[in-house]
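Step one of this worksheet: look at the structure below.
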Amino acid sequence: MSERPPISPRSPRAALEPEQVPPPPKRSERARNPFVVVGNAIITILIILMIGAGAVYYYGRQILEAQGPLREDKIVNIPSRAGKRDIADALLREGVINVNPWVFIGGVFALKASSDLKPGEYSFQKNASLRDVIATIVEGKVVQHAVTIPEGLTSEQIVLRLIDNDIFAGSVREMPREGTLLPETYKFPRGTTREQVIHRLQQSQKRVLAEIWERRNPDVLVKSPEQLITLASIIEKETGRADERSRVAAVFTNRLRQRIKLQSDPTIIYGLVGGKGTLGRPIKRSEITQPSPYNTYVIEGLPPGPIANPGRASLEAAANPARTRDLFFVADGTGGHAFTETYDQHQKNVAKLRALEKQIQNDTVEPSEDAPPPTAAGAPADTTATTPRGAAPAKKPPARPAAPAAAPGRQGAAQSTTTPPVVQR
């Protein structure tokens with residue numbers, strides 16, 4: 001066993017002094033390379049940028065998905081040719097967003113939607129987030145306005161309705177032909193041109209007409225889709241009740257089959273006022289015999305064209321009339337009609353209607369001492385008719401049956417909605 005070398009004793013002062021530390025090693029030539037220095041700096045900058053981008057992403061996501069200020073659904077119109085700043089200002093003004101416009105624009109760029117913002121009228125939901133607002137505009141979810149075109153209006157009346165509706169734009173260059181528009185409820189966005197509306201109504205009518213004509217009753221007497229529209233338009237003006245249309249169609253079909261004049265009052269009215277649709281007064285006696293291509297008291301068969309725009313139900317009725325032998329119908333005083341095969345029974349129904357109207361007048365109106373006497377049967381021509389609509393003449397029945405009755409209060413007819421007057425013949 002070797003012995004340790006003896007430790008030489010140190011003086012107290014030397015013991016208190018620190019031992020000499022060796023100098024640090026010199027940096028390698030590689031560490032001092034400028035490429036290494038630049039690389040380290042780039043890595044440091046990238047790390048800082050990544051941290052900053054993460055913070056921006058987190059903050060931006062919070063802004064995009066935070067609940068919006070709307071307390072209830074709201075419709076806002078974004079005008080055409082509006083820039084991103086204009087859209088942001090409009091949304092801020094309407095209370096849809098509550099962020100700085102530049103934040104909205106930043107959100108648009110972040111969602112890559114800068115070229116996809118579409119003008120239109122939009123409905124923004126309650127508490128819609130900024131992301132939802134931008135998505136709604138990008139997807140073009142514009143508000144659809146329901147527009148109802150009632151059955152039985154003439155083309156001129158429909159065009160006037162379109163002109164009066166402020167959700168549409170543009171003018172109507174040409175009046176559409178009678179009977180070419182399908183009455184129905186449609187949905188249109190604000191700003192749709194009136195020409196586009198008319199085109200859609202026409203296309204719908206062509207489609208429905210083709211379907212109905214394809215499955216028509218093979219025994220129907222009309223020879224073309226155009227004649228089917230004409231017959232349907234008369235049915236439309238004669239009754240508004242769904243349960244009567246096919247029976248009214250049967251009356252006119254039976255008359256056509258037996259070569260009996262249709263004697264429909266709405267055709268007289270159309271011959272007098274054309275597309276305006278309403279006469280504004282009862283038919284006069286002289287107008288019954290007044291020659292007109294539309295006066296079915298004078299002409300044989302159907303008039304030369306439709307007298308209104310019939311709806312789908314009336315087109316169906318004209319194509320598939322009920323299987324009855326009815327030749328007459330008259331108002332029954334309850335909103336419907338009484339149908340009969342014979343003239344004698346028709347006269348009895350007319351008498352019932354007159355008695356009912358007289359009773360209603362006696363119950364509601366006290367005759368004045370200064371009131372003029374009622375017009376007698378056989379009053380001079382050019383005086384307003386006072387007998388009920390569809391009533392047969394009081395004298396001996398003619399060789400051909402009397403006219404069928406029109407529905408009281410039917411849209412576009414000239415009669416009063418309380419006592420539907422007709423002429424005495």
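Note on naming: chains are A, B, ... as they come in the structure tokens, residues start from 1 per chain, ligands start from 1 in the order shown.
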
Per-residue nearest contacts range 312-355 of chain A to range 149-163 of chain A, cut-off 12 Å, using only C-alpha atoms, as JSON lines:
```
{"residue": "A:Arg312", "atom": "CA", "partner": "A:Glu151", "partner_atom": "CA", "distance": 8.7}
{"residue": "A:Ala313", "atom": "CA", "partner": "A:Glu151", "partner_atom": "CA", "distance": 9.4}
{"residue": "A:Ser314", "atom": "CA", "partner": "A:Glu151", "partner_atom": "CA", "distance": 9.0}
{"residue": "A:Leu315", "atom": "CA", "partner": "A:Glu151", "partner_atom": "CA", "distance": 11.0}
```

For the residues in the current selection, export N, CA and C atoms as an mmCIF file, in the first residue's frame.
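Contents of part26.cif, as written:
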```cif
data_model
loop_
_atom_site.group_PDB
_atom_site.id
_atom_site.type_symbol
_atom_site.label_atom_id
_atom_site.label_comp_id
_atom_site.auth_asym_id
_atom_site.auth_seq_id
_atom_site.Cartn_x
_atom_site.Cartn_y
_atom_site.Cartn_z
ATOM 1 N N ARG A 312 -105.352 26.971 -60.679
ATOM 2 C CA ARG A 312 -105.190 25.542 -60.948
ATOM 3 C C ARG A 312 -106.505 24.784 -60.772
ATOM 4 N N ALA A 313 -107.268 25.105 -59.713
ATOM 5 C CA ALA A 313 -108.504 24.359 -59.429
ATOM 6 C C ALA A 313 -109.518 24.526 -60.551
ATOM 7 N N SER A 314 -109.654 25.728 -61.098
ATOM 8 C CA SER A 314 -110.610 25.947 -62.183
ATOM 9 C C SER A 314 -110.140 25.270 -63.470
ATOM 10 N N LEU A 315 -108.839 25.241 -63.708
ATOM 11 C CA LEU A 315 -108.324 24.509 -64.862
ATOM 12 C C LEU A 315 -108.612 23.015 -64.726
#
```

_In range 120-361 of chain A, DSSP alpha helix (DSSP H) residues written as an MDAnalysis selection string_ = chainID A and resid 130:139 155:164 194:214 225:238 245:257 265:273 285:288 312:319 343:361

For the residues in that selection, give me C-alpha atoms as a CSV table (one decimal), in the first residue's frame.
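Wrote selection.csv, looks like this:
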```csv
chain,number,residue,atom,x,y,z
A,130,LEU,CA,-69.6,38.0,-36.7
A,131,ARG,CA,-69.0,34.7,-38.4
A,132,ASP,CA,-72.7,34.1,-38.8
A,133,VAL,CA,-73.2,37.6,-40.2
A,134,ILE,CA,-70.5,37.2,-42.8
A,135,ALA,CA,-71.7,33.7,-43.7
A,136,THR,CA,-75.2,34.9,-44.3
A,137,ILE,CA,-74.0,37.6,-46.7
A,138,VAL,CA,-71.6,35.2,-48.5
A,139,GLU,CA,-74.2,32.5,-48.9
A,155,SER,CA,-103.7,40.4,-66.6
A,156,GLU,CA,-104.1,44.2,-66.3
A,157,GLN,CA,-105.2,43.9,-62.7
A,158,ILE,CA,-102.2,41.6,-61.9
A,159,VAL,CA,-99.7,44.0,-63.5
A,160,LEU,CA,-101.2,46.9,-61.5
A,161,ARG,CA,-100.6,44.9,-58.3
A,162,LEU,CA,-97.0,44.3,-59.3
A,163,ILE,CA,-96.5,48.0,-60.0
A,164,ASP,CA,-98.0,48.9,-56.6
A,194,ARG,CA,-91.4,42.9,-62.7
A,195,GLU,CA,-90.5,41.4,-66.0
A,196,GLN,CA,-88.9,38.5,-64.1
A,197,VAL,CA,-92.0,38.1,-62.0
A,198,ILE,CA,-94.3,38.0,-65.1
A,199,HIS,CA,-91.9,35.5,-66.8
A,200,ARG,CA,-92.1,33.2,-63.7
A,201,LEU,CA,-95.9,33.4,-63.6
A,202,GLN,CA,-96.1,32.6,-67.3
A,203,GLN,CA,-93.7,29.6,-67.0
A,204,SER,CA,-95.7,28.3,-64.0
A,205,GLN,CA,-98.9,28.6,-66.1
A,206,LYS,CA,-97.4,26.7,-69.0
A,207,ARG,CA,-96.2,23.9,-66.7
A,208,VAL,CA,-99.5,23.5,-64.9
A,209,LEU,CA,-101.6,23.7,-68.1
A,210,ALA,CA,-99.5,21.0,-69.8
A,211,GLU,CA,-100.0,18.7,-66.8
A,212,ILE,CA,-103.7,19.2,-66.6
A,213,TRP,CA,-104.2,19.0,-70.4
A,214,GLU,CA,-102.3,15.7,-70.4
A,225,PRO,CA,-105.3,24.1,-74.2
A,226,GLU,CA,-106.2,27.7,-75.1
A,227,GLN,CA,-109.9,26.8,-75.1
A,228,LEU,CA,-109.4,25.0,-71.8
A,229,ILE,CA,-108.1,28.3,-70.3
A,230,THR,CA,-111.0,30.2,-71.7
A,231,LEU,CA,-113.6,27.8,-70.1
A,232,ALA,CA,-111.7,27.8,-66.9
A,233,SER,CA,-111.7,31.6,-66.7
A,234,ILE,CA,-115.5,31.6,-67.0
A,235,ILE,CA,-115.7,29.0,-64.2
A,236,GLU,CA,-113.3,31.1,-62.1
A,237,LYS,CA,-115.5,34.1,-62.4
A,238,GLU,CA,-118.7,32.3,-61.7
A,245,ARG,CA,-116.2,24.3,-59.6
A,246,SER,CA,-116.6,20.9,-61.3
A,247,ARG,CA,-120.3,21.2,-61.2
A,248,VAL,CA,-120.3,24.7,-62.8
A,249,ALA,CA,-117.9,23.2,-65.4
A,250,ALA,CA,-120.5,20.5,-66.0
A,251,VAL,CA,-123.2,23.1,-66.7
A,252,PHE,CA,-121.2,24.9,-69.3
A,253,THR,CA,-120.0,21.6,-70.8
A,254,ASN,CA,-123.6,20.3,-71.1
A,255,ARG,CA,-124.6,23.6,-72.7
A,256,LEU,CA,-121.7,23.4,-75.2
A,257,ARG,CA,-122.7,19.8,-76.0
A,265,ASP,CA,-122.7,37.4,-67.1
A,266,PRO,CA,-118.9,37.7,-66.5
A,267,THR,CA,-118.3,37.4,-70.2
A,268,ILE,CA,-120.6,40.4,-70.8
A,269,ILE,CA,-118.7,42.4,-68.3
A,270,TYR,CA,-115.3,41.5,-69.9
A,271,GLY,CA,-116.7,42.6,-73.3
A,272,LEU,CA,-117.6,46.0,-71.8
A,273,VAL,CA,-114.6,46.8,-69.7
A,285,ARG,CA,-130.8,45.3,-69.9
A,286,SER,CA,-129.6,46.8,-73.1
A,287,GLU,CA,-126.1,45.3,-72.5
A,288,ILE,CA,-127.5,41.8,-72.6
A,312,ARG,CA,-105.2,25.5,-60.9
A,313,ALA,CA,-108.5,24.4,-59.4
A,314,SER,CA,-110.6,25.9,-62.2
A,315,LEU,CA,-108.3,24.5,-64.9
A,316,GLU,CA,-108.8,21.1,-63.3
A,317,ALA,CA,-112.5,21.5,-63.2
A,318,ALA,CA,-112.7,22.5,-66.9
A,319,ALA,CA,-110.6,19.5,-67.8
A,343,TYR,CA,-136.0,25.2,-66.5
A,344,ASP,CA,-139.1,24.8,-64.3
A,345,GLN,CA,-137.1,23.8,-61.3
A,346,HIS,CA,-134.7,26.6,-62.0
A,347,GLN,CA,-137.6,29.1,-61.9
A,348,LYS,CA,-138.6,27.7,-58.5
A,349,ASN,CA,-135.0,28.2,-57.2
A,350,VAL,CA,-135.1,31.8,-58.5
A,351,ALA,CA,-138.3,32.4,-56.7
A,352,LYS,CA,-136.8,31.1,-53.5
A,353,LEU,CA,-133.9,33.5,-53.9
A,354,ARG,CA,-136.1,36.5,-54.5
A,355,ALA,CA,-138.2,35.6,-51.4
A,356,LEU,CA,-135.1,35.3,-49.3
A,357,GLU,CA,-133.7,38.6,-50.5
A,358,LYS,CA,-137.0,40.3,-49.9
A,359,GLN,CA,-137.2,39.0,-46.4
A,360,ILE,CA,-133.6,40.2,-45.7
A,361,GLN,CA,-134.5,43.7,-47.1
```

*Considering only C-alpha atoms, state which residue in the set A:Glu184, A:Glu178, A:Asp363, A:Glu300 is at the smallest distance from Lys276 in chain A.*
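Once distances to Lys276 in chain A are computed over only C-alpha atoms, the minimum belongs to A:Glu178.
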
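Near Gly191 in chain A, within 12 Å and counting only C-alpha atoms, sit Asn77, Ile78, Pro79, Ser80, Pro119, Gly120, Glu121, Val142, Val143, Gln144, His145, Asn165, Asp166, Ile167, Phe168, Ala169, Gly170, Ser171, Phe188, Arg194, Glu195, Gln196 and Val197 of chain A; same-chain residues fewer than 3 positions away were not included.
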
*What gap, in Å, lies between CA of Gly179 in chain A and CA of Pro304 in chain A?*
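So the answer is 11.9 Å.
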
*Could you tell me which of A:Ser264, A:Ile45, A:Trp102, A:Ile97 comes closest to Thr296 in chain A if we count only C-alpha atoms?*
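Smallest distance to Thr296 in chain A is found for A:Ser264.
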
Would you mind listing what lies within 9 Å of Val108 in chain A as a PDB file with C-alpha atoms, in the first residue's frame, with only C-alpha atoms counted and same-chain residues fewer than 3 positions away left out?
```
ATOM      1  CA  LYS A  84     -66.823  46.188 -47.599  1.00  0.00           C
ATOM      2  CA  VAL A 103     -62.437  44.444 -37.506  1.00  0.00           C
ATOM      3  CA  PHE A 104     -65.354  43.363 -39.697  1.00  0.00           C
ATOM      4  CA  ILE A 105     -63.201  43.805 -42.789  1.00  0.00           C
ATOM      5  CA  LEU A 111     -62.688  33.953 -43.758  1.00  0.00           C
ATOM      6  CA  LYS A 112     -61.511  34.436 -47.358  1.00  0.00           C
ATOM      7  CA  ALA A 113     -64.808  36.103 -48.289  1.00  0.00           C
ATOM      8  CA  SER A 114     -63.618  39.432 -49.622  1.00  0.00           C
ATOM      9  CA  LEU A 117     -70.135  39.465 -50.323  1.00  0.00           C
ATOM     10  CA  ARG A 131     -68.952  34.717 -38.379  1.00  0.00           C
ATOM     11  CA  ILE A 134     -70.487  37.196 -42.793  1.00  0.00           C
TER      12      ILE A 134
END
```

_What does the structure give for the distance between CA of His337 in chain A and CA of Arg323 in chain A, in Å to one decimal?_
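One can read the CA of His337 in chain A to CA of Arg323 in chain A distance as 17.1 Å.
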